[in-house]
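Okay, structure.csv is below, CSV, C-alpha atoms and all ligand atoms:
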chain,number,residue,atom,x,y,z
A,1,MET,CA,132.9,127.5,178.3
A,2,THR,CA,132.9,126.2,174.7
A,3,LEU,CA,131.3,127.5,171.6
A,4,ILE,CA,129.7,124.9,169.4
A,5,CYS,CA,127.8,125.0,166.1
A,6,THR,CA,124.1,124.5,166.5
A,7,SER,CA,124.0,122.4,163.3
A,8,CYS,CA,127.2,120.5,162.5
A,9,GLU,CA,128.4,120.6,166.2
A,10,GLU,CA,131.9,121.8,165.2
A,11,PRO,CA,133.6,123.3,168.3
A,12,HIS,CA,134.9,126.9,168.0
A,13,SER,CA,137.6,128.6,170.0
A,14,GLY,CA,136.2,130.9,172.7
A,15,LYS,CA,139.2,133.3,172.1
A,16,GLU,CA,138.2,134.9,168.9
A,17,THR,CA,135.0,137.0,168.6
A,18,ALA,CA,132.7,134.3,167.2
A,19,THR,CA,130.3,134.9,164.3
A,20,VAL,CA,128.7,132.0,162.5
A,21,CYS,CA,130.1,128.5,161.8
A,22,ARG,CA,131.7,127.6,158.5
A,23,CYS,CA,128.6,125.7,157.6
A,24,GLY,CA,126.6,128.9,157.9
A,25,HIS,CA,124.6,128.1,161.0
A,26,PRO,CA,124.6,129.9,164.4
A,27,ILE,CA,127.1,129.1,167.1
A,28,GLU,CA,125.9,128.5,170.7
A,29,VAL,CA,127.7,129.0,174.0
A,30,ARG,CA,128.0,125.9,176.1
A,31,LEU,CA,128.9,126.4,179.7
A,32,ASP,CA,131.0,123.4,180.9
A,33,TRP,CA,129.3,122.2,184.1
A,34,ARG,CA,130.4,118.6,184.0
A,35,GLU,CA,131.8,118.6,187.5
A,36,THR,CA,130.4,121.6,189.4
A,37,ALA,CA,127.3,123.3,188.2
A,38,PRO,CA,126.6,126.6,190.0
A,39,ALA,CA,124.3,126.3,193.0
A,40,ILE,CA,120.9,128.1,193.1
A,41,GLY,CA,122.4,130.2,195.9
A,42,THR,CA,124.7,131.9,193.4
A,43,VAL,CA,121.8,134.0,192.1
A,44,ASN,CA,122.4,137.5,193.4
A,45,SER,CA,119.0,138.4,194.6
A,46,ASN,CA,120.1,142.0,195.5
A,47,ASP,CA,120.7,142.7,191.8
A,48,PRO,CA,117.7,144.2,190.1
A,49,SER,CA,118.9,143.3,186.6
A,50,LEU,CA,119.6,140.2,184.6
A,51,TRP,CA,123.1,140.3,186.0
A,52,ARG,CA,121.7,138.6,189.1
A,53,TYR,CA,122.4,135.4,187.0
A,54,ARG,CA,126.0,136.2,186.4
A,55,SER,CA,127.1,132.8,187.7
A,56,VAL,CA,125.3,131.1,184.7
A,57,LEU,CA,126.4,133.6,182.1
A,58,PRO,CA,129.7,133.6,180.1
A,59,PRO,CA,132.5,135.2,182.1
A,60,ILE,CA,132.8,139.0,181.5
A,61,ASP,CA,135.3,141.1,183.5
A,62,ASP,CA,133.7,143.7,185.8
A,63,GLU,CA,135.1,146.7,183.9
A,64,HIS,CA,133.4,145.5,180.6
A,65,ILE,CA,129.9,144.9,181.9
A,66,THR,CA,127.7,147.2,179.9
A,67,SER,CA,124.4,147.5,181.8
A,68,LEU,CA,121.6,150.0,181.7
A,69,ILE,CA,119.7,147.9,184.4
A,70,GLU,CA,117.9,145.5,182.0
A,71,GLY,CA,115.9,142.5,182.9
A,72,TRP,CA,114.3,141.4,186.2
A,73,THR,CA,111.0,142.6,184.8
A,74,ARG,CA,107.7,141.9,186.4
A,75,LEU,CA,105.7,138.8,185.8
A,76,CYS,CA,102.1,140.0,186.0
A,77,SER,CA,99.0,137.9,186.4
A,78,GLY,CA,96.9,137.8,183.2
A,79,GLY,CA,94.0,136.0,185.0
A,80,ASP,CA,92.2,132.8,184.5
A,81,HIS,CA,91.1,132.0,181.0
A,82,GLY,CA,88.8,128.9,181.0
A,83,GLY,CA,90.8,127.2,183.7
A,84,VAL,CA,94.2,128.2,182.2
A,85,THR,CA,96.4,130.5,184.3
A,86,VAL,CA,98.0,133.2,182.2
A,87,TYR,CA,101.0,135.3,183.1
A,88,PHE,CA,102.5,138.1,181.1
A,89,LYS,CA,106.2,139.0,181.3
A,90,ASP,CA,106.4,142.8,180.9
A,91,GLU,CA,109.5,143.5,178.8
A,92,THR,CA,108.3,146.9,177.9
A,93,VAL,CA,110.0,148.3,181.0
A,94,ASN,CA,113.5,147.5,179.8
A,95,PRO,CA,115.8,150.5,179.3
A,96,THR,CA,115.0,151.0,175.6
A,97,GLY,CA,111.5,149.5,175.7
A,98,SER,CA,112.1,146.0,174.5
A,99,PHE,CA,113.5,142.6,175.4
A,100,LYS,CA,116.3,143.2,172.9
A,101,ASP,CA,118.1,144.9,175.7
A,102,ARG,CA,118.9,141.6,177.4
A,103,GLY,CA,120.8,140.3,174.4
A,104,MET,CA,122.5,143.6,173.7
A,105,SER,CA,123.8,144.0,177.3
A,106,LEU,CA,125.6,140.6,177.1
A,107,ALA,CA,126.8,141.0,173.5
A,108,VAL,CA,128.1,144.5,173.8
A,109,SER,CA,129.8,143.6,177.2
A,110,HIS,CA,131.6,140.7,175.4
A,111,LEU,CA,132.5,142.8,172.4
A,112,ASP,CA,133.9,145.5,174.6
A,113,MET,CA,136.0,142.9,176.4
A,114,SER,CA,137.2,141.6,173.0
A,115,GLY,CA,138.4,145.0,171.9
A,116,VAL,CA,135.8,145.5,169.2
A,117,ARG,CA,135.3,149.2,168.5
A,118,GLU,CA,132.8,149.4,165.6
A,119,VAL,CA,129.7,147.2,165.0
A,120,CYS,CA,126.9,147.0,162.5
A,121,LEU,CA,123.5,145.3,162.3
A,122,PRO,CA,120.3,145.3,160.3
A,123,SER,CA,117.1,145.7,162.4
A,124,ALA,CA,113.3,145.8,162.2
A,125,GLY,CA,113.6,148.6,164.8
A,126,ASN,CA,113.9,147.5,168.4
A,127,ALA,CA,117.3,145.7,168.1
A,128,GLY,CA,118.8,148.8,166.4
A,129,VAL,CA,117.7,151.2,169.2
A,130,SER,CA,118.9,148.8,171.8
A,131,ALA,CA,122.3,148.2,170.1
A,132,ALA,CA,122.7,152.0,169.8
A,133,ALA,CA,122.1,152.5,173.5
A,134,TYR,CA,124.5,149.8,174.7
A,135,CYS,CA,127.2,150.8,172.2
A,136,GLU,CA,127.0,154.4,173.3
A,137,LYS,CA,127.4,153.3,176.9
A,138,ALA,CA,130.5,151.2,175.9
A,139,GLY,CA,131.9,153.8,173.6
A,140,ILE,CA,131.6,151.5,170.5
A,141,GLU,CA,130.6,153.0,167.2
A,142,CYS,CA,127.4,151.5,165.8
A,143,HIS,CA,125.9,151.3,162.3
A,144,VAL,CA,122.2,150.4,162.1
A,145,TYR,CA,120.6,149.4,158.8
A,146,LEU,CA,116.8,149.9,158.9
A,147,PRO,CA,114.1,149.4,156.3
A,148,GLU,CA,113.0,152.7,154.8
A,149,THR,CA,109.4,151.9,155.7
A,150,ILE,CA,110.1,152.1,159.4
A,151,PRO,CA,108.3,154.7,161.6
A,152,ALA,CA,110.5,157.8,162.0
A,153,THR,CA,110.3,157.3,165.8
A,154,PHE,CA,112.7,154.4,165.5
A,155,VAL,CA,115.2,156.4,163.5
A,156,GLU,CA,115.1,159.2,166.0
A,157,ALA,CA,115.6,156.9,168.9
A,158,THR,CA,118.5,155.2,167.2
A,159,GLU,CA,120.2,158.5,166.4
A,160,LYS,CA,119.6,159.8,169.8
A,161,TYR,CA,122.0,157.2,171.1
A,162,GLY,CA,124.6,158.4,168.7
A,163,ALA,CA,124.4,155.5,166.1
A,164,HIS,CA,124.7,156.0,162.3
A,165,VAL,CA,121.4,155.1,160.7
A,166,HIS,CA,121.4,153.7,157.1
A,167,LEU,CA,117.9,153.5,155.6
A,168,GLY,CA,116.9,151.3,152.6
A,169,GLY,CA,114.6,148.5,151.4
A,170,GLN,CA,111.2,147.3,152.5
A,171,ALA,CA,112.1,144.9,155.3
A,172,ILE,CA,115.0,143.7,157.4
A,173,ALA,CA,116.2,141.2,154.7
A,174,GLU,CA,116.9,144.1,152.3
A,175,ALA,CA,118.5,146.2,155.0
A,176,ALA,CA,120.8,143.2,155.7
A,177,ALA,CA,121.7,142.8,152.1
A,178,ARG,CA,122.6,146.5,151.8
A,179,MET,CA,124.7,146.2,155.0
A,180,GLN,CA,126.6,143.3,153.6
A,181,LYS,CA,127.6,145.4,150.5
A,182,GLU,CA,128.6,148.5,152.5
A,183,LYS,CA,130.1,146.8,155.6
A,184,LYS,CA,133.8,147.7,156.3
A,185,GLU,CA,136.1,144.9,157.2
A,186,GLU,CA,136.6,146.1,160.8
A,187,TRP,CA,132.9,146.4,161.6
A,188,PHE,CA,131.7,143.5,163.8
A,189,ASN,CA,128.5,142.0,162.5
A,190,LEU,CA,126.0,142.0,165.4
A,191,SER,CA,123.1,140.6,163.4
A,192,THR,CA,120.6,138.2,165.1
A,193,LEU,CA,122.3,134.9,165.7
A,194,LYS,CA,125.5,135.9,163.9
A,195,GLU,CA,127.1,136.3,167.3
A,196,PRO,CA,126.4,133.9,170.2
A,197,TYR,CA,126.1,136.2,173.2
A,198,ARG,CA,122.8,137.9,172.4
A,199,VAL,CA,121.2,134.5,173.0
A,200,GLU,CA,123.0,134.2,176.4
A,201,GLY,CA,121.3,137.5,177.4
A,202,LYS,CA,117.9,136.4,176.1
A,203,LYS,CA,118.1,133.2,178.1
A,204,THR,CA,117.8,135.3,181.3
A,205,LEU,CA,114.1,135.7,180.4
A,206,GLY,CA,113.7,131.9,181.0
A,207,TYR,CA,115.7,132.1,184.3
A,208,GLU,CA,113.4,135.0,185.5
A,209,ILE,CA,110.2,133.2,184.6
A,210,ALA,CA,111.3,130.1,186.5
A,211,GLU,CA,112.4,132.1,189.5
A,212,GLN,CA,109.3,134.3,189.6
A,213,LEU,CA,107.1,131.2,189.5
A,214,GLY,CA,108.9,129.9,192.7
A,215,TRP,CA,111.6,127.9,190.7
A,216,GLN,CA,109.0,126.1,188.7
A,217,PHE,CA,108.4,125.7,185.0
A,218,PRO,CA,105.2,126.9,183.3
A,219,ASP,CA,103.5,124.4,181.1
A,220,VAL,CA,103.6,126.5,177.9
A,221,ILE,CA,105.6,129.6,176.6
A,222,ILE,CA,103.9,131.6,173.8
A,223,TYR,CA,106.4,133.6,171.9
A,224,PRO,CA,105.9,136.1,169.0
A,225,THR,CA,108.7,134.8,166.7
A,226,GLY,CA,110.9,136.7,164.3
A,227,GLY,CA,114.6,135.9,164.3
A,228,GLY,CA,114.0,133.5,167.2
A,229,THR,CA,116.7,134.5,169.8
A,230,GLY,CA,114.1,134.7,172.6
A,231,LEU,CA,112.7,131.3,171.7
A,232,VAL,CA,116.0,129.5,171.6
A,233,GLY,CA,117.3,131.5,174.5
A,234,MET,CA,114.5,130.5,176.8
A,235,TRP,CA,114.7,126.9,175.8
A,236,LYS,CA,118.4,127.0,176.6
A,237,ALA,CA,117.6,128.5,180.0
A,238,PHE,CA,115.0,125.8,180.9
A,239,ASN,CA,117.4,123.0,179.9
A,240,GLU,CA,120.2,124.5,182.0
A,241,LEU,CA,117.9,124.9,185.0
A,242,LYS,CA,116.9,121.3,184.8
A,243,ARG,CA,120.5,120.1,184.3
A,244,MET,CA,121.7,122.1,187.3
A,245,GLY,CA,118.8,120.8,189.4
A,246,TRP,CA,117.4,124.2,190.2
A,247,VAL,CA,114.0,123.3,188.8
A,248,GLU,CA,112.3,119.9,188.5
A,249,GLY,CA,109.5,118.6,186.4
A,250,PRO,CA,108.7,118.6,182.7
A,251,LEU,CA,110.2,121.4,180.5
A,252,PRO,CA,107.7,123.9,179.0
A,253,ARG,CA,106.2,123.3,175.6
A,254,MET,CA,107.5,126.2,173.4
A,255,VAL,CA,105.1,127.9,171.0
A,256,ALA,CA,106.1,130.1,168.1
A,257,VAL,CA,103.4,132.5,166.9
A,258,GLN,CA,103.6,134.4,163.6
A,259,SER,CA,101.3,136.6,161.7
A,260,ALA,CA,100.0,135.4,158.4
A,261,GLY,CA,101.8,138.4,156.9
A,262,CYS,CA,105.1,136.6,157.4
A,263,ALA,CA,105.2,133.1,158.8
A,264,PRO,CA,108.1,131.1,157.5
A,265,VAL,CA,108.6,129.2,160.8
A,266,VAL,CA,104.9,128.1,160.9
A,267,LYS,CA,105.0,127.0,157.3
A,268,ALA,CA,108.1,124.8,157.8
A,269,PHE,CA,106.7,123.4,161.1
A,270,VAL,CA,103.4,122.4,159.5
A,271,ALA,CA,105.2,121.0,156.4
A,272,GLY,CA,107.4,118.9,158.8
A,273,THR,CA,110.6,120.2,157.3
A,274,SER,CA,113.8,121.0,159.2
A,275,GLU,CA,114.6,124.2,157.5
A,276,THR,CA,112.6,127.4,156.8
A,277,GLU,CA,112.2,128.7,153.3
A,278,PRO,CA,112.3,132.4,152.5
A,279,TRP,CA,108.9,134.1,152.8
A,280,GLN,CA,108.0,136.2,149.8
A,281,ASP,CA,106.8,139.9,150.3
A,282,GLY,CA,106.4,139.7,154.0
A,283,ASP,CA,104.3,142.4,155.6
A,284,THR,CA,102.9,142.7,159.1
A,285,VAL,CA,102.1,145.4,161.6
A,286,ALA,CA,104.2,143.4,164.1
A,287,LEU,CA,107.4,144.8,162.6
A,288,GLY,CA,109.7,142.6,164.7
A,289,LEU,CA,108.1,139.5,163.1
A,290,ASN,CA,108.8,140.5,159.5
A,291,VAL,CA,111.8,138.2,159.2
A,292,ALA,CA,111.5,136.4,155.9
A,293,ASN,CA,114.5,134.1,156.1
A,294,PRO,CA,115.6,133.6,159.7
A,295,LEU,CA,119.2,132.3,160.1
A,296,GLY,CA,118.0,130.4,163.1
A,297,GLY,CA,115.2,128.6,161.3
A,298,THR,CA,116.6,125.1,161.8
A,299,TRP,CA,117.4,125.8,165.4
A,300,MET,CA,113.9,127.1,166.2
A,301,LEU,CA,112.2,124.2,164.5
A,302,LYS,CA,114.4,121.8,166.5
A,303,VAL,CA,113.3,123.6,169.8
A,304,LEU,CA,109.6,123.5,168.9
A,305,ARG,CA,109.8,119.8,168.2
A,306,GLN,CA,112.1,118.8,171.1
A,307,SER,CA,109.8,120.6,173.5
A,308,GLY,CA,106.6,119.1,172.2
A,309,GLY,CA,105.6,122.6,171.1
A,310,ILE,CA,103.8,123.9,168.1
A,311,ALA,CA,103.9,126.8,165.6
A,312,VAL,CA,100.7,128.9,165.0
A,313,MET,CA,99.7,131.4,162.3
A,314,VAL,CA,97.3,134.1,163.2
A,315,ASN,CA,95.2,136.6,161.1
A,316,GLU,CA,96.9,139.9,160.4
A,317,GLU,CA,93.6,141.7,160.6
A,318,GLU,CA,93.0,140.7,164.2
A,319,VAL,CA,96.3,141.8,165.5
A,320,ALA,CA,95.4,145.4,166.4
A,321,VAL,CA,92.4,144.5,168.5
A,322,ALA,CA,94.3,141.7,170.2
A,323,ARG,CA,97.1,144.1,171.0
A,324,GLU,CA,94.6,146.4,172.7
A,325,GLU,CA,93.1,143.5,174.7
A,326,VAL,CA,96.6,142.5,176.0
A,327,ALA,CA,97.4,146.1,176.8
A,328,HIS,CA,94.2,146.2,178.8
A,329,ILE,CA,94.6,142.9,180.6
A,330,SER,CA,98.3,143.3,181.4
A,331,ASP,CA,98.1,147.0,182.1
A,332,THR,CA,101.1,147.6,179.7
A,333,GLU,CA,101.5,149.7,176.6
A,334,SER,CA,102.5,146.7,174.4
A,335,SER,CA,103.5,146.6,170.8
A,336,PRO,CA,101.6,144.6,168.1
A,337,GLU,CA,103.8,141.5,168.7
A,338,ALA,CA,101.9,141.0,171.9
A,339,GLY,CA,98.7,140.9,170.0
A,340,VAL,CA,100.1,138.2,167.8
A,341,ALA,CA,101.1,136.1,170.8
A,342,TRP,CA,97.7,136.7,172.4
A,343,LEU,CA,95.9,135.5,169.3
A,344,GLY,CA,98.1,132.4,169.3
A,345,PHE,CA,97.1,131.7,172.9
A,346,GLN,CA,93.4,132.1,172.1
A,347,SER,CA,93.7,129.7,169.2
A,348,LEU,CA,95.5,127.0,171.2
A,349,ALA,CA,93.1,127.4,174.2
A,350,ARG,CA,90.1,127.0,171.9
A,351,SER,CA,91.5,123.9,170.2
A,352,GLY,CA,92.3,122.3,173.5
A,353,TRP,CA,96.0,122.1,172.8
A,354,ILE,CA,96.4,124.2,175.9
A,355,ARG,CA,94.5,122.3,178.6
A,356,GLU,CA,92.6,123.3,181.7
A,357,GLY,CA,94.8,123.6,184.7
A,358,GLU,CA,97.9,124.6,182.7
A,359,THR,CA,100.0,127.6,183.3
A,360,VAL,CA,101.1,129.8,180.3
A,361,VAL,CA,103.6,132.6,180.1
A,362,ILE,CA,103.4,135.2,177.3
A,363,PRO,CA,106.3,137.6,177.1
A,364,ILE,CA,105.2,141.1,176.1
A,365,THR,CA,108.3,141.7,174.1
A,366,GLY,CA,108.2,145.4,173.3
A,367,SER,CA,106.4,148.7,174.1
A,368,ALA,CA,104.0,150.5,171.8
A,369,GLU,CA,106.1,153.7,172.2
A,370,ARG,CA,107.6,153.8,168.7
A,371,TYR,CA,105.0,151.9,166.7
A,372,GLU,CA,102.2,153.6,164.7
A,373,VAL,CA,99.5,151.7,166.6
B,1,LIG,C1,108.8,143.6,170.0
B,1,LIG,C2,109.4,142.4,169.3
B,1,LIG,N1,108.9,141.2,169.6
B,1,LIG,C3,109.4,140.1,169.0
B,1,LIG,C4,110.4,140.1,168.2
B,1,LIG,C5,111.0,138.9,167.6
B,1,LIG,O1,112.1,138.5,168.3
B,1,LIG,P1,113.1,137.4,167.9
B,1,LIG,O2,113.9,137.9,166.7
B,1,LIG,O3,113.9,137.0,169.1
B,1,LIG,O4,112.2,136.2,167.4
B,1,LIG,C6,111.0,141.4,167.9
B,1,LIG,C7,112.2,141.4,167.0
B,1,LIG,O5,112.5,142.4,166.4
B,1,LIG,C8,110.5,142.5,168.5
B,1,LIG,O6,111.0,143.7,168.2
B,2,ZN,ZN,128.5,124.2,161.7
What does this structure look like when you write it as structure tokens?
Ligand SMILES: Cc1ncc(COP(=O)(O)O)c(C=O)c1O
Ligand SMILES: [Zn+2]
Amino acid sequence: MTLICTSCEEPHSGKETATVCRCGHPIEVRLDWRETAPAIGTVNSNDPSLWRYRSVLPPIDDEHITSLIEGWTRLCSGGDHGGVTVYFKDETVNPTGSFKDRGMSLAVSHLDMSGVREVCLPSAGNAGVSAAAYCEKAGIECHVYLPETIPATFVEATEKYGAHVHLGGQAIAEAAARMQKEKKEEWFNLSTLKEPYRVEGKKTLGYEIAEQLGWQFPDVIIYPTGGGTGLVGMWKAFNELKRMGWVEGPLPRMVAVQSAGCAPVVKAFVAGTSETEPWQDGDTVALGLNVANPLGGTWMLKVLRQSGGIAVMVNEEEVAVAREEVAHISDTESSPEAGVAWLGFQSLARSGWIREGETVVIPITGSAERYEV
């Protein structure tokens, strides 16, 4: 296993607990499979969690695995929409109600193995609840910085798992700035893409989608995009699956959908630039997408272009109704982010970018439980 910068490609030692590269960009885990890639038979089909893919995850000693039985969520049929087959991946059933649990299980396991005892992160809500739950399980102290505008339900859930909540600012960017000021030297910074293992956990979403489709790729993945860990994680999974020979055929086209309330990735994609610019005064009901200046902007744009994908902006005013539609079709209690993704799908199906006969997977990234929907 090596750790490598996603921008300047500088290799990093796997021994220290990695954060970001000196150049400021995220570091990625590369598993070294030059000679012997794991065989498909190494998937532990008796394991009802993401740890069924342990053979393709970074090595973690048994005693440090921090699991609340996350992942291996159901892929449900979303029906036929004008000749396009839609599937939803129901991430609402994860232990703390969102797909963030995948990343946190891997990251906290690794931090526990590395001897880290205190962590901090800013969050739009779900990541903080998830970090709190996994840190509690591992006996790690956790500080969560949340915007003061967040529904009280997120604060309660984070505190329920024994984490310290620090409230301030209008959105995650301000919460992050405050954390930077107050952070103690010994606190490990578990922010999105400032540590490489959360992406390793998120990549299992891609492994599951392929396995549940009978070891096939869908044509298109539609992803409600904030910080981007899910997007880059799934793309990583699909590339690994192809490289190992577990799945054949063309890789999926990756789609990032954002609400017009905060859409830095769409803006950069449409402008043809390789970096995102900070979005001013972001505001959206899809709280997890209110990420004005994602650290992984360059990485996401690379994935969208490499995959032949696209970035789509949708109307904020339509999100609530779309959320209800998804909840109805998928029989889940989904959060507004699912409404954003669904609007993105509709727009691309209407324009013909998604074609008849294609298969599309839309992750329902979080549950409605703590949102004011
Ligand atoms: C429910 C939900 N969906 C999507 C996202 C965006 O995820 P990512 O940061 O991986 O782009 C978040 C992030 O907070 C979220 O909570
Ligand atoms: Zn670098």
Using only C-alpha atoms for the distances, tell me which of A:Cys76, A:Ala177, A:Val291, A:Val247 is nearest to A:Val361.
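Closest candidate: A:Cys76.
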Separation of atom CA of A:Gln212 and atom CA of A:Ser351, in Å?
28.3 Å
Could you give me, as a Markdown table, every chain A residue with an atom at most 7 Å from ligand LIG 1 (chain B), plus its closest atom pair and distance in Å to one decimal, counting all atoms listed in the file, rows ordered by chain then number?
| residue | atom | partner | partner_atom | distance |
| --- | --- | --- | --- | --- |
| A:Ser98 | CA | B:LIG1 | C1 | 6.1 |
| A:Ser123 | CA | B:LIG1 | O5 | 6.9 |
| A:Ala124 | CA | B:LIG1 | O5 | 5.5 |
| A:Gly125 | CA | B:LIG1 | O5 | 6.5 |
| A:Asn126 | CA | B:LIG1 | O6 | 4.8 |
| A:Ala127 | CA | B:LIG1 | O5 | 6.1 |
| A:Thr192 | CA | B:LIG1 | O2 | 6.9 |
| A:Pro224 | CA | B:LIG1 | C3 | 5.3 |
| A:Thr225 | CA | B:LIG1 | O4 | 3.8 |
| A:Gly226 | CA | B:LIG1 | O4 | 3.4 |
| A:Gly227 | CA | B:LIG1 | O2 | 3.2 |
| A:Gly228 | CA | B:LIG1 | O4 | 3.3 |
| A:Thr229 | CA | B:LIG1 | O3 | 3.8 |
| A:Gly230 | CA | B:LIG1 | O3 | 4.2 |
| A:Leu231 | CA | B:LIG1 | O3 | 6.4 |
| A:Leu287 | CA | B:LIG1 | O6 | 6.7 |
| A:Gly288 | CA | B:LIG1 | O5 | 3.3 |
| A:Leu289 | CA | B:LIG1 | C5 | 5.4 |
| A:Ser335 | CA | B:LIG1 | C1 | 6.1 |
| A:Glu337 | CA | B:LIG1 | N1 | 5.2 |
| A:Thr365 | CA | B:LIG1 | C1 | 4.5 |
| A:Gly366 | CA | B:LIG1 | C1 | 3.8 |
| A:Ser367 | CA | B:LIG1 | C1 | 7.0 |
Can you pull out every residue with an atom within 8 Å of ligand ZN 2 (chain B)? Use all atoms listed in the file and format it as a list of chain:residue names.
A:Ile4, A:Cys5, A:Thr6, A:Ser7, A:Cys8, A:Glu9, A:Glu10, A:Val20, A:Cys21, A:Arg22, A:Cys23, A:Gly24, A:His25, A:Pro26, A:Ile27
Can you tell me, as a PyMOL selection string, what residues are no more than 12 Å from A:Glu317 when counting all atoms listed in the file, ignoring any on the same chain fewer than 6 positions away?
chain A and resi 259-261+283-286+323+336+339-340+343
How many Å lie between atom CA of A:Ala327 and atom CA of A:Glu372, rounded to one decimal?
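So the answer is 15.0 Å.
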Need the shell around A:Trp246: protein/DNA/RNA residues with any atom at most 9 Å away, counting all atoms listed in the file. Skip same-chain ones fewer than 6 positions apart. Format as a list in words?
Ala39, Ile40, Trp215, Gln216 and Glu240 of chain A
Interatomic distance between atom CA of A:Trp235 and atom CA of A:Asp90?
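Value for the atom CA of A:Trp235-atom CA of A:Asp90 distance: 18.6 Å.
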Can I get a file of stretch 263-281 of chain A from the given structure, N, CA and C atoms kept, as an mmCIF file, in the first residue's frame?
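Result written to part_33.cif:
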data_model
loop_
_atom_site.group_PDB
_atom_site.id
_atom_site.type_symbol
_atom_site.label_atom_id
_atom_site.label_comp_id
_atom_site.auth_asym_id
_atom_site.auth_seq_id
_atom_site.Cartn_x
_atom_site.Cartn_y
_atom_site.Cartn_z
ATOM 1 N N ALA A 263 -23.241 25.663 -5.758
ATOM 2 C CA ALA A 263 -22.866 24.758 -6.862
ATOM 3 C C ALA A 263 -21.467 25.055 -7.423
ATOM 4 N N PRO A 264 -20.455 25.068 -6.564
ATOM 5 C CA PRO A 264 -19.106 25.398 -7.065
ATOM 6 C C PRO A 264 -18.559 24.373 -8.065
ATOM 7 N N VAL A 265 -18.930 23.115 -7.895
ATOM 8 C CA VAL A 265 -18.390 22.079 -8.802
ATOM 9 C C VAL A 265 -19.019 22.230 -10.189
ATOM 10 N N VAL A 266 -20.328 22.500 -10.217
ATOM 11 C CA VAL A 266 -21.008 22.672 -11.512
ATOM 12 C C VAL A 266 -20.434 23.899 -12.230
ATOM 13 N N LYS A 267 -20.240 24.957 -11.469
ATOM 14 C CA LYS A 267 -19.738 26.196 -12.071
ATOM 15 C C LYS A 267 -18.363 25.950 -12.720
ATOM 16 N N ALA A 268 -17.493 25.271 -12.005
ATOM 17 C CA ALA A 268 -16.144 25.012 -12.540
ATOM 18 C C ALA A 268 -16.197 24.061 -13.729
ATOM 19 N N PHE A 269 -17.082 23.058 -13.646
ATOM 20 C CA PHE A 269 -17.188 22.084 -14.745
ATOM 21 C C PHE A 269 -17.657 22.789 -16.018
ATOM 22 N N VAL A 270 -18.675 23.613 -15.867
ATOM 23 C CA VAL A 270 -19.238 24.315 -17.035
ATOM 24 C C VAL A 270 -18.207 25.307 -17.606
ATOM 25 N N ALA A 271 -17.440 25.930 -16.720
ATOM 26 C CA ALA A 271 -16.434 26.900 -17.176
ATOM 27 C C ALA A 271 -15.210 26.205 -17.778
ATOM 28 N N GLY A 272 -15.116 24.894 -17.587
ATOM 29 C CA GLY A 272 -13.982 24.149 -18.156
ATOM 30 C C GLY A 272 -12.691 24.324 -17.375
ATOM 31 N N THR A 273 -12.796 24.771 -16.117
ATOM 32 C CA THR A 273 -11.575 24.967 -15.317
ATOM 33 C C THR A 273 -11.245 23.692 -14.540
ATOM 34 N N SER A 274 -10.029 23.641 -14.005
ATOM 35 C CA SER A 274 -9.627 22.435 -13.279
ATOM 36 C C SER A 274 -9.715 22.620 -11.774
ATOM 37 N N GLU A 275 -10.110 23.813 -11.335
ATOM 38 C CA GLU A 275 -10.250 24.053 -9.896
ATOM 39 C C GLU A 275 -11.578 24.725 -9.591
ATOM 40 N N THR A 276 -12.140 24.424 -8.405
ATOM 41 C CA THR A 276 -13.364 25.126 -8.007
ATOM 42 C C THR A 276 -12.996 26.461 -7.359
ATOM 43 N N GLU A 277 -13.906 27.407 -7.464
ATOM 44 C CA GLU A 277 -13.716 28.692 -6.771
ATOM 45 C C GLU A 277 -14.720 28.756 -5.634
ATOM 46 N N PRO A 278 -14.351 29.421 -4.519
ATOM 47 C CA PRO A 278 -15.290 29.485 -3.392
ATOM 48 C C PRO A 278 -16.632 30.105 -3.804
ATOM 49 N N TRP A 279 -17.724 29.436 -3.407
ATOM 50 C CA TRP A 279 -19.083 29.909 -3.688
ATOM 51 C C TRP A 279 -19.476 30.887 -2.589
ATOM 52 N N GLN A 280 -20.035 32.026 -2.967
ATOM 53 C CA GLN A 280 -20.381 33.035 -1.955
ATOM 54 C C GLN A 280 -21.787 32.801 -1.385
ATOM 55 N N ASP A 281 -21.927 32.913 -0.084
ATOM 56 C CA ASP A 281 -23.220 32.850 0.605
ATOM 57 C C ASP A 281 -24.064 31.641 0.208
#
